[in-house]
file run.txt (compact mmCIF, C-alpha atoms and all ligand atoms)
# COMPACT_ATOMS: atom_id res chain seq x y z
CA MET A 267 109.90 86.54 128.45
CA LYS A 268 107.08 88.45 126.85
CA ILE A 269 106.79 87.90 123.12
CA VAL A 270 104.37 89.95 121.05
CA ALA A 271 103.45 89.09 117.45
CA VAL A 272 101.59 91.45 115.11
CA LEU A 273 100.07 89.43 112.26
CA TYR A 274 97.32 89.94 109.72
CA PRO A 275 93.75 88.92 110.58
CA GLY A 276 92.75 85.53 109.16
CA GLY A 277 88.96 85.57 109.74
CA GLN A 278 87.04 82.91 107.84
CA ALA A 279 90.13 82.00 105.77
CA ALA A 280 91.94 80.91 108.94
CA LYS A 281 89.03 78.59 109.83
CA GLU A 282 89.00 77.04 106.36
CA GLN A 283 92.77 76.71 105.92
CA SER A 284 94.82 75.55 108.88
CA ALA A 285 98.05 76.01 106.87
CA MET A 286 97.53 79.79 107.17
CA LEU A 287 100.26 80.03 109.79
CA GLY A 288 100.96 83.72 109.19
CA CYS A 289 97.65 85.07 110.55
CA VAL A 290 96.57 86.06 114.05
CA GLU A 291 94.43 82.95 114.54
CA ASN A 292 97.21 80.46 113.80
CA GLU A 293 99.96 82.46 115.54
CA LEU A 294 102.84 81.15 113.38
CA GLY A 295 102.20 77.80 115.13
CA LEU A 296 104.32 78.98 118.07
CA ARG A 297 101.97 79.18 121.06
CA GLU A 298 102.30 75.67 122.50
CA TRP A 299 106.07 75.67 122.13
CA LEU A 300 106.55 79.15 123.63
CA GLU A 301 104.19 78.50 126.55
CA SER A 302 105.83 75.14 127.28
CA LYS A 303 109.03 77.12 127.79
CA GLY A 304 107.28 79.45 130.24
CA HIS A 305 107.03 82.49 127.94
CA THR A 306 104.02 84.78 127.55
CA TYR A 307 102.83 85.01 123.95
CA ILE A 308 100.53 87.84 122.84
CA VAL A 309 99.25 87.86 119.26
CA THR A 310 97.31 90.76 117.77
CA ASP A 311 96.47 92.50 114.51
CA ASP A 312 95.77 95.80 116.29
CA LYS A 313 98.74 97.93 115.31
CA GLU A 314 97.81 101.53 114.53
CA PRO A 315 99.33 104.13 116.87
CA SER A 316 98.89 105.15 119.52
CA ASP A 317 96.40 103.23 121.67
CA SER A 318 96.52 99.85 119.88
CA GLU A 319 97.05 96.48 121.59
CA LEU A 320 100.62 96.67 120.31
CA ASP A 321 101.20 100.06 121.96
CA LYS A 322 99.78 98.78 125.25
CA HIS A 323 102.22 95.87 125.32
CA LEU A 324 105.33 97.65 124.00
CA PRO A 325 106.77 98.89 127.33
CA ASP A 326 107.37 95.36 128.67
CA THR A 327 107.85 93.42 125.42
CA ASP A 328 111.14 91.48 125.14
CA ILE A 329 110.69 90.10 121.63
CA LEU A 330 108.56 91.56 118.85
CA ILE A 331 107.53 89.52 115.82
CA THR A 332 106.07 91.48 112.90
CA THR A 333 105.28 90.83 109.27
CA PRO A 334 105.65 92.98 106.14
CA PHE A 335 102.13 92.01 105.03
CA HIS A 336 100.48 93.85 107.93
CA PRO A 337 103.35 96.06 109.02
CA ALA A 338 103.52 97.58 112.47
CA TYR A 339 105.38 100.81 111.64
CA MET A 340 107.99 101.03 114.38
CA ASN A 341 109.08 104.66 114.33
CA GLY A 342 111.47 106.28 116.82
CA GLU A 343 108.71 107.17 119.28
CA ARG A 344 107.47 103.61 119.45
CA LEU A 345 110.96 102.18 119.66
CA GLU A 346 111.61 104.45 122.65
CA LYS A 347 108.45 103.10 124.33
CA ALA A 348 109.81 99.57 123.91
CA LYS A 349 112.42 99.90 126.64
CA LYS A 350 112.96 96.16 127.14
CA LEU A 351 112.96 95.14 123.47
CA LYS A 352 115.99 92.99 122.61
CA LEU A 353 114.97 91.12 119.50
CA ALA A 354 112.78 92.13 116.55
CA ILE A 355 111.95 89.37 114.08
CA THR A 356 110.37 90.00 110.70
CA ALA A 357 108.39 86.89 109.75
CA GLY A 358 109.17 87.31 106.06
CA VAL A 359 111.69 89.50 104.21
CA GLY A 360 112.08 93.31 104.45
CA SER A 361 112.43 95.19 107.75
CA ASP A 362 111.82 98.72 106.45
CA HIS A 363 108.82 99.07 108.81
CA TYR A 364 111.46 99.62 111.53
CA ASP A 365 113.22 102.97 111.70
CA LEU A 366 116.61 101.30 111.20
CA GLU A 367 118.45 104.62 111.42
CA HIS A 368 116.94 105.22 114.89
CA ILE A 369 117.94 101.74 116.00
CA HIS A 370 121.43 102.34 114.61
CA LYS A 371 121.80 105.55 116.64
CA HIS A 372 119.80 104.91 119.80
CA LYS A 373 119.09 101.20 120.36
CA PRO A 374 122.45 99.40 120.46
CA ASP A 375 120.94 96.43 122.33
CA LEU A 376 118.24 95.68 119.78
CA SER A 377 118.83 93.11 117.03
CA VAL A 378 116.62 93.02 113.94
CA LEU A 379 116.40 89.74 112.05
CA GLU A 380 114.34 88.46 109.17
CA VAL A 381 113.78 85.03 107.66
CA THR A 382 116.00 85.65 104.65
CA GLY A 383 115.12 83.70 101.55
CA SER A 384 111.84 82.39 103.00
CA ASN A 385 109.57 83.80 100.28
CA VAL A 386 111.89 84.77 97.44
CA VAL A 387 110.59 82.11 95.04
CA SER A 388 107.00 83.10 95.85
CA VAL A 389 107.75 86.73 94.96
CA ALA A 390 109.79 85.93 91.83
CA GLU A 391 106.85 83.89 90.54
CA HIS A 392 104.49 86.79 91.29
CA VAL A 393 106.78 89.15 89.35
CA LEU A 394 106.64 86.91 86.29
CA MET A 395 102.87 86.71 86.59
CA SER A 396 102.62 90.51 86.93
CA ILE A 397 104.77 91.13 83.86
CA LEU A 398 102.59 88.78 81.83
CA VAL A 399 99.36 90.21 83.25
CA LEU A 400 100.44 93.67 82.09
CA ILE A 401 101.80 92.94 78.65
CA LYS A 402 99.01 90.47 77.83
CA ASN A 403 96.44 93.06 78.99
CA PHE A 404 94.88 90.31 81.09
CA VAL A 405 92.86 92.38 83.58
CA PRO A 406 90.52 94.10 81.07
CA ALA A 407 90.37 90.95 78.92
CA HIS A 408 89.14 88.90 81.88
CA ALA A 409 86.76 91.69 82.93
CA GLN A 410 85.09 91.44 79.48
CA ILE A 411 84.35 87.78 80.12
CA THR A 412 82.85 88.26 83.58
CA ASN A 413 80.84 91.26 82.27
CA GLY A 414 79.31 89.20 79.45
CA GLU A 415 81.22 91.12 76.73
CA TRP A 416 83.33 89.99 73.77
CA ASN A 417 85.57 92.53 72.00
CA VAL A 418 88.85 91.09 70.74
CA ALA A 419 90.11 94.34 69.22
CA ASN A 420 89.67 96.35 72.39
CA VAL A 421 92.07 94.14 74.30
CA ALA A 422 94.39 93.08 71.46
CA MET A 423 95.23 96.74 70.81
CA ARG A 424 97.43 96.79 73.94
CA THR A 425 98.76 93.23 73.94
CA TYR A 426 102.43 92.30 73.35
CA ASP A 427 104.84 89.38 73.59
CA LEU A 428 107.64 89.15 76.13
CA GLU A 429 109.97 87.70 73.51
CA ASP A 430 112.37 90.30 72.13
CA LYS A 431 111.71 92.88 74.89
CA VAL A 432 114.36 94.41 77.15
CA VAL A 433 113.64 93.57 80.79
CA GLY A 434 115.57 94.97 83.72
CA THR A 435 115.60 94.46 87.48
CA VAL A 436 116.55 97.06 90.08
CA GLY A 437 118.32 94.80 92.55
CA ALA A 438 119.73 91.44 91.54
CA GLY A 439 119.69 89.81 94.96
CA ARG A 440 117.73 86.72 95.92
CA ILE A 441 114.46 87.79 94.26
CA GLY A 442 115.98 89.79 91.38
CA PHE A 443 118.21 86.88 90.38
CA ARG A 444 115.31 84.41 90.53
CA VAL A 445 113.28 86.74 88.32
CA LEU A 446 116.13 86.76 85.77
CA GLN A 447 116.30 82.95 85.91
CA ARG A 448 112.58 82.73 85.22
CA LEU A 449 112.74 85.26 82.37
CA LEU A 450 115.48 83.36 80.55
CA PRO A 451 113.23 80.89 78.67
CA PHE A 452 111.11 83.76 77.30
CA GLN A 453 113.97 84.74 74.96
CA CYS A 454 113.91 88.42 75.78
CA LYS A 455 116.09 90.74 73.70
CA GLU A 456 118.22 91.65 76.74
CA LEU A 457 118.13 91.05 80.47
CA LEU A 458 119.64 93.95 82.45
CA TYR A 459 120.19 94.73 86.10
CA PHE A 460 120.97 97.82 88.15
CA ASP A 461 122.64 97.07 91.50
CA TYR A 462 125.75 98.39 93.28
CA GLN A 463 126.63 94.74 93.95
CA SER A 464 127.62 92.84 90.80
CA LEU A 465 126.51 89.28 90.32
CA ASP A 466 129.31 86.70 90.29
CA PRO A 467 130.45 86.30 86.66
CA GLU A 468 129.16 82.71 86.70
CA ARG A 469 125.68 83.74 87.84
CA GLU A 470 125.66 86.60 85.34
CA LYS A 471 126.49 84.09 82.61
CA GLU A 472 123.86 81.62 83.82
CA VAL A 473 121.09 84.14 83.15
CA GLY A 474 122.84 86.11 80.39
CA ALA A 475 122.23 89.39 82.25
CA LYS A 476 124.23 92.60 81.88
CA ARG A 477 124.81 95.13 84.63
CA VAL A 478 124.11 98.76 83.76
CA GLU A 479 125.94 101.21 86.01
CA SER A 480 124.04 104.39 85.20
CA PHE A 481 120.47 104.47 86.52
CA ASP A 482 119.31 106.85 83.77
CA GLU A 483 120.78 104.57 81.09
CA PHE A 484 119.10 101.56 82.69
CA LEU A 485 115.75 103.38 82.75
CA SER A 486 116.01 104.43 79.14
CA LYS A 487 116.82 100.93 77.86
CA CYS A 488 114.09 98.80 79.45
CA ASP A 489 110.68 97.95 78.04
CA ILE A 490 109.78 96.40 81.39
CA ILE A 491 111.32 97.16 84.80
CA THR A 492 110.89 95.08 87.94
CA ILE A 493 111.87 96.49 91.35
CA ASN A 494 113.58 94.05 93.71
CA CYS A 495 115.62 96.10 96.19
CA PRO A 496 114.94 96.95 99.84
CA LEU A 497 113.32 100.20 100.95
CA TYR A 498 115.73 102.49 102.83
CA GLU A 499 116.87 106.11 102.53
CA ARG A 500 118.51 105.57 99.11
CA THR A 501 115.54 103.86 97.50
CA ARG A 502 112.64 105.79 99.07
CA GLY A 503 110.99 107.60 96.13
CA LEU A 504 113.66 106.25 93.73
CA PHE A 505 110.99 106.13 91.02
CA ASN A 506 110.06 109.81 91.24
CA GLU A 507 108.84 112.10 88.46
CA HIS A 508 112.36 112.42 87.04
CA ALA A 509 113.06 108.67 86.96
CA LEU A 510 109.64 107.87 85.51
CA SER A 511 110.20 110.46 82.77
CA LYS A 512 113.49 108.74 81.86
CA MET A 513 111.71 105.43 81.27
CA LYS A 514 110.80 104.58 77.67
CA LYS A 515 107.40 105.83 76.58
CA GLY A 516 105.05 102.86 76.85
CA ALA A 517 107.25 100.92 79.29
CA TYR A 518 105.79 98.82 82.12
CA LEU A 519 106.74 98.88 85.79
CA VAL A 520 106.33 96.03 88.29
CA ASN A 521 106.96 96.63 91.98
CA THR A 522 106.76 93.82 94.51
CA ALA A 523 109.51 95.33 96.68
CA ARG A 524 107.95 98.19 98.67
CA GLY A 525 105.31 100.78 97.77
CA ALA A 526 107.32 103.78 98.96
CA ILE A 527 110.08 103.10 96.39
CA VAL A 528 107.69 104.60 93.85
CA ASP A 529 106.35 108.15 94.24
CA ARG A 530 102.58 107.64 94.53
CA ASP A 531 101.36 110.74 92.69
CA ALA A 532 104.14 110.90 90.09
CA LEU A 533 103.22 107.35 89.08
CA VAL A 534 99.51 108.17 88.77
CA LYS A 535 100.43 111.08 86.49
CA ALA A 536 102.76 108.95 84.35
CA VAL A 537 100.18 106.16 83.98
CA ASN A 538 97.32 108.58 83.23
CA SER A 539 99.39 110.28 80.52
CA GLY A 540 100.25 106.91 78.96
CA HIS A 541 103.99 107.43 79.45
CA ILE A 542 103.93 104.32 81.65
CA ALA A 543 101.77 101.72 79.91
CA GLY A 544 100.95 99.79 83.07
CA TYR A 545 101.91 99.19 86.69
CA ALA A 546 101.55 96.03 88.76
CA GLY A 547 102.64 94.69 92.10
CA ASP A 548 101.40 94.04 95.60
CA VAL A 549 103.12 96.62 97.79
CA TRP A 550 101.67 99.90 99.03
CA TYR A 551 102.33 102.67 101.48
CA PRO A 552 100.75 102.59 103.95
CA GLN A 553 99.40 99.08 104.45
CA PRO A 554 96.57 98.22 104.53
CA ALA A 555 96.10 100.62 101.60
CA PRO A 556 93.38 103.21 102.25
CA LYS A 557 90.18 102.78 100.24
CA ASP A 558 90.92 105.94 98.27
CA HIS A 559 94.55 105.10 97.42
CA PRO A 560 94.86 106.28 93.79
CA TRP A 561 96.73 103.13 92.66
CA ARG A 562 93.51 101.17 93.23
CA HIS A 563 91.77 103.06 90.43
CA MET A 564 94.65 103.90 88.09
CA PRO A 565 94.18 102.69 84.51
CA ASN A 566 96.15 99.61 83.42
CA ASN A 567 97.03 98.46 86.90
CA GLY A 568 97.55 94.87 87.99
CA MET A 569 97.64 95.63 91.70
CA THR A 570 96.80 93.15 94.46
CA PRO A 571 96.97 93.30 98.25
CA HIS A 572 100.39 92.46 99.66
CA TYR A 573 100.27 88.68 99.42
CA SER A 574 102.98 87.50 97.01
CA GLY A 575 105.37 86.57 99.81
CA THR A 576 102.75 84.86 101.96
CA SER A 577 101.80 81.89 99.80
CA LEU A 578 101.01 78.83 101.93
CA ASP A 579 104.44 77.42 101.02
CA ALA A 580 106.13 80.65 102.13
CA GLN A 581 104.17 80.76 105.41
CA LYS A 582 105.49 77.32 106.31
CA ARG A 583 109.06 78.49 105.65
CA TYR A 584 108.88 81.80 107.50
CA ALA A 585 107.04 80.28 110.48
CA LEU A 586 109.81 77.68 110.79
CA GLY A 587 112.50 80.34 110.28
CA THR A 588 110.96 82.50 113.04
CA LYS A 589 111.08 79.51 115.40
CA GLU A 590 114.74 78.87 114.50
CA ILE A 591 115.66 82.49 115.25
CA LEU A 592 113.86 82.28 118.62
CA GLU A 593 115.59 78.98 119.43
CA ALA A 594 119.01 80.48 118.70
CA PHE A 595 118.18 83.50 120.86
CA PHE A 596 116.93 81.42 123.83
CA ASP A 597 119.93 79.05 123.63
CA ASP A 598 122.42 81.89 123.10
CA LYS A 599 123.57 80.30 119.83
CA PRO A 600 124.67 82.25 116.73
CA PHE A 601 121.99 83.41 114.28
CA ARG A 602 122.24 82.54 110.56
CA PRO A 603 124.36 85.51 109.41
CA GLU A 604 122.14 86.17 106.39
CA ASP A 605 119.12 86.73 108.69
CA VAL A 606 120.76 89.56 110.62
CA ILE A 607 119.76 93.05 109.44
CA VAL A 608 120.86 95.05 112.50
CA ARG A 609 123.13 93.83 115.30
CA ALA A 610 124.70 95.87 118.09
CA GLY A 611 123.38 99.08 116.56
CA ALA A 612 125.01 98.48 113.16
CA ILE A 613 123.36 97.61 109.85
CA ALA A 614 124.78 94.14 109.21
CA SER A 615 123.09 93.41 105.88
CA ALA A 616 124.97 94.17 102.66
CA SER A 617 121.65 94.91 100.95
CA TYR A 618 120.92 98.24 102.67
CA GLY A 619 123.51 100.36 100.84
CA GLU A 620 127.17 100.21 99.88
CA LYS A 621 129.59 100.03 102.79
CA LYS A 622 132.21 102.75 102.48
P1 LIG A 701 118.32 90.70 98.80
O1 LIG A 701 118.95 91.36 99.97
O2 LIG A 701 118.70 89.29 98.49
O3 LIG A 701 118.56 91.57 97.48
C1 LIG A 701 118.38 92.95 97.43
C2 LIG A 701 119.31 93.52 96.35
O4 LIG A 701 118.99 94.90 96.18
C3 LIG A 701 120.78 93.42 96.74
O5 LIG A 701 121.51 92.82 95.69
C4 LIG A 701 121.19 94.88 96.92
O6 LIG A 701 122.54 95.15 96.59
C5 LIG A 701 120.23 95.57 95.98
N1 LIG A 701 120.09 97.01 96.25
C6 LIG A 701 120.07 97.65 97.44
N2 LIG A 701 120.00 98.97 97.27
C7 LIG A 701 119.95 99.19 95.94
C8 LIG A 701 119.86 100.35 95.16
N3 LIG A 701 119.83 101.56 95.72
N4 LIG A 701 119.83 100.21 93.81
C9 LIG A 701 119.90 98.98 93.24
N5 LIG A 701 119.99 97.83 93.94
C10 LIG A 701 120.01 97.93 95.28
O7 LIG A 701 116.76 90.83 99.06
P2 LIG A 701 115.58 89.99 98.40
O8 LIG A 701 115.32 88.78 99.22
O9 LIG A 701 115.85 89.84 96.95
O10 LIG A 701 114.36 90.99 98.66
C11 LIG A 701 114.36 92.29 98.10
C12 LIG A 701 113.22 93.10 98.67
O11 LIG A 701 111.98 92.58 98.21
C13 LIG A 701 113.09 93.05 100.20
O12 LIG A 701 113.94 93.98 100.84
C14 LIG A 701 111.64 93.38 100.41
O13 LIG A 701 111.46 94.77 100.53
C15 LIG A 701 110.96 92.89 99.14
N6 LIG A 701 110.14 91.68 99.37
C16 LIG A 701 108.81 91.74 99.09
C17 LIG A 701 108.00 90.63 99.34
C18 LIG A 701 106.53 90.64 99.00
O14 LIG A 701 105.78 89.82 99.55
N7 LIG A 701 106.08 91.48 98.11
C19 LIG A 701 108.57 89.46 99.88
C20 LIG A 701 109.93 89.44 100.10
C21 LIG A 701 110.71 90.55 99.86
call {"tool": "encode", "arguments": {"input": "run.txt", "output": "structure tokens"}}
result
Amino acid sequence: MKIVAVLYPGGQAAKEQSAMLGCVENELGLREWLESKGHTYIVTDDKEPSDSELDKHLPDTDILITTPFHPAYMNGERLEKAKKLKLAITAGVGSDHYDLEHIHKHKPDLSVLEVTGSNVVSVAEHVLMSILVLIKNFVPAHAQITNGEWNVANVAMRTYDLEDKVVGTVGAGRIGFRVLQRLLPFQCKELLYFDYQSLDPEREKEVGAKRVESFDEFLSKCDIITINCPLYERTRGLFNEHALSKMKKGAYLVNTARGAIVDRDALVKAVNSGHIAGYAGDVWYPQPAPKDHPWRHMPNNGMTPHYSGTSLDAQKRYALGTKEILEAFFDDKPFRPEDVIVRAGAIASASYGEKK
């Protein structure tokens, strides 16, 4: 079989750190194993349509491995080029870079799987860091130090404590729940969540979180909101001008889910006006983010490149998980049900919208 992987370039970092399994150079550690089984394994970072390495290989690719950190956007046109494609594996979590609707309607033989759970702790930790970075006004405070300055007042004037604040998560799945667990010791005033799936009463009790059914009510109650739901038609642009205006004046927003959940220009306006006190996260649309993406230069931002889910610990887990999915496929064994996003043309995951 022909297996193509699109991964991010490792460059010098790959030479210095052999545990960087998720980059082109280290190939998820799969080459020897795949070649010993007689497969052809192509690994590239060249992904932009329409004359990239990826596009050249698509017509005879059987299995495509991609990653959310350097997403190959697989729209309908590309999916139609990939006539032989049977299995699409996301090395990580989040398969929104595939046109899932197109697969649902036109590609009944293509399964989409991801390595569910592989980096959820990594992201939850990044969310906590981002919340603290924003409310402690860390970025300008640190910049003073590296610039040789010292002005306590200038940074203290926008610095708060997490204790006694209302924090809410959009999505209380694997990451959202872990964020709530990690917030618990900070003794926030209230922990809230907005999700069409309720947590089990026991889990709700464990973190002391309350579900809010109305989105507008949720927005108006939180001092800090963290976004932890997938990107699909119901969440694309969920944080638009209207939603941002419903947030408390001076609230903070953290998004490590997907960039396109937040309306790019509406956010810039809300941050510039001071209605949103700060925005942090690691996800953008598109990726890599263009040099002139306005979130790079917005005031009070704690943005990073998309790396929260690709810590060295996470890379080990999603490389292993990718191998396990391939093994199951080659041996015609069942996949772990939680890894299956699309099977036989149907969305199998409960996280991509309520099932009627
Ligand atoms: P999950 O499937 O365990 O949880 C997602 C939750 O979102 C579910 O409870 C689902 O019901 C809820 N949800 C779906 N639609 C919603 C909506 N319209 N409103 C409110 N809630 C909604 O997934 P997870 O493992 O927690 O990951 C969540 C997302 O985080 C992924 O889909 C991915 O996009 C993103 N992610 C980012 C990184 C990163 O490196 N930044 C890494 C992993 C995952």
call {"tool": "residues_near_ligand", "arguments": {"input": "run.txt", "ligand": "ligand LIG 701 (chain A)", "cutoff": "6 Å", "atoms": "all atoms listed in the file", "output": "count of residues only"}}
result
35
call {"tool": "atom_distance", "arguments": {"input": "run.txt", "atom1": "CA of Ala517 (chain A)", "atom2": "CA of Val393 (chain A)"}}
result
15.5 Å
call {"tool": "atom_distance", "arguments": {"input": "run.txt", "atom1": "CA of Leu300 (chain A)", "atom2": "CA of His363 (chain A)"}}
result
24.9 Å
call {"tool": "atom_distance", "arguments": {"input": "run.txt", "atom1": "CA of Val520 (chain A)", "atom2": "CA of Tyr545 (chain A)"}}
result
5.7 Å
call {"tool": "closest_residue", "arguments": {"input": "run.txt", "among": "A:His392, A:Lys582, A:Lys476, A:Arg602", "to": "Leu296 (chain A)", "atoms": "all atoms listed in the file"}}
result
A:Lys582
call {"tool": "axis_aligned_box", "arguments": {"input": "run.txt", "around": "region 563-576 of chain A", "padding_each_side": "4 Å", "output": "AutoDock Vina command-line options"}}
result
--center_x 98.6 --center_y 94.4 --center_z 92.7 --size_x 21.6 --size_y 27.0 --size_z 26.5
call {"tool": "closest_residue", "arguments": {"input": "run.txt", "among": "A:Pro374, A:Gly288, A:Gly358, A:Gly414", "to": "Ile613 (chain A)", "atoms": "only C-alpha atoms"}}
result
A:Pro374
call {"tool": "closest_atom_pairs", "arguments": {"input": "run.txt", "of": "region 490-538 of chain A", "to": "region 425-435 of chain A", "cutoff": "8 Å", "atoms": "only C-alpha atoms", "output": "CSV"}}
result
residue,atom,partner,partner_atom,distance
A:Ile490,CA,A:Val433,CA,4.8
A:Ile491,CA,A:Gly434,CA,4.9
A:Thr492,CA,A:Thr435,CA,4.8
A:Ile493,CA,A:Thr435,CA,5.7
A:Asn494,CA,A:Thr435,CA,6.6
call {"tool": "write_last_selection", "arguments": {"input": "run.txt", "atoms": "C-alpha atoms", "output": "compact mmCIF listing (two decimals), keeping the file's coordinate frame"}}
result
# COMPACT_ATOMS: atom_id res chain seq x y z
CA ILE A 490 109.78 96.40 81.39
CA ILE A 491 111.32 97.16 84.80
CA THR A 492 110.89 95.08 87.94
CA ILE A 493 111.87 96.49 91.35
CA ASN A 494 113.58 94.05 93.71
call {"tool": "closest_residue", "arguments": {"input": "run.txt", "among": "A:Lys347, A:Arg502, A:Ile542, A:Tyr551", "to": "Pro325 (chain A)", "atoms": "only C-alpha atoms"}}
result
A:Lys347
call {"tool": "residues_around", "arguments": {"input": "run.txt", "residues": "Leu510 (chain A)", "least_positions_apart": "6", "cutoff": "12 Å", "atoms": "all atoms listed in the file", "output": "mmCIF file with C-alpha atoms, in the coordinates of the input"}}
result
data_model
loop_
_atom_site.group_PDB
_atom_site.id
_atom_site.type_symbol
_atom_site.label_atom_id
_atom_site.label_comp_id
_atom_site.auth_asym_id
_atom_site.auth_seq_id
_atom_site.Cartn_x
_atom_site.Cartn_y
_atom_site.Cartn_z
ATOM 1 C CA PHE A 481 120.470 104.470 86.520
ATOM 2 C CA ASP A 482 119.310 106.850 83.770
ATOM 3 C CA PHE A 484 119.100 101.560 82.690
ATOM 4 C CA LEU A 485 115.750 103.380 82.750
ATOM 5 C CA SER A 486 116.010 104.430 79.140
ATOM 6 C CA CYS A 488 114.090 98.800 79.450
ATOM 7 C CA ILE A 491 111.320 97.160 84.800
ATOM 8 C CA GLY A 503 110.990 107.600 96.130
ATOM 9 C CA LEU A 504 113.660 106.250 93.730
ATOM 10 C CA GLY A 516 105.050 102.860 76.850
ATOM 11 C CA ALA A 517 107.250 100.920 79.290
ATOM 12 C CA TYR A 518 105.790 98.820 82.120
ATOM 13 C CA LEU A 519 106.740 98.880 85.790
ATOM 14 C CA ILE A 527 110.080 103.100 96.390
ATOM 15 C CA VAL A 528 107.690 104.600 93.850
ATOM 16 C CA ASP A 529 106.350 108.150 94.240
ATOM 17 C CA ARG A 530 102.580 107.640 94.530
ATOM 18 C CA ASP A 531 101.360 110.740 92.690
ATOM 19 C CA ALA A 532 104.140 110.900 90.090
ATOM 20 C CA LEU A 533 103.220 107.350 89.080
ATOM 21 C CA VAL A 534 99.510 108.170 88.770
ATOM 22 C CA LYS A 535 100.430 111.080 86.490
ATOM 23 C CA ALA A 536 102.760 108.950 84.350
ATOM 24 C CA VAL A 537 100.180 106.160 83.980
ATOM 25 C CA SER A 539 99.390 110.280 80.520
ATOM 26 C CA GLY A 540 100.250 106.910 78.960
ATOM 27 C CA HIS A 541 103.990 107.430 79.450
ATOM 28 C CA ILE A 542 103.930 104.320 81.650
ATOM 29 C CA ALA A 543 101.770 101.720 79.910
ATOM 30 C CA TYR A 545 101.910 99.190 86.690
#
call {"tool": "closest_residue", "arguments": {"input": "run.txt", "among": "A:Glu293, A:Glu346, A:Glu301, A:Asp489", "to": "His372 (chain A)", "atoms": "all atoms listed in the file"}}
result
A:Glu346
call {"tool": "closest_residue", "arguments": {"input": "run.txt", "among": "A:Arg609, A:His408, A:Arg297, A:Lys515", "to": "Leu366 (chain A)", "atoms": "all atoms listed in the file"}}
result
A:Arg609
call {"tool": "closest_residue", "arguments": {"input": "run.txt", "among": "A:Ser318, A:Ser396, A:Pro467, A:Ala390", "to": "Arg444 (chain A)", "atoms": "all atoms listed in the file"}}
result
A:Ala390
call {"tool": "residues_around", "arguments": {"input": "run.txt", "residues": "Met395 (chain A)", "least_positions_apart": "4", "cutoff": "10 Å", "atoms": "all atoms listed in the file", "output": "JSON, numbers by chain"}}
result
{"A": [389, 390, 391, 399, 400, 546, 547, 568]}
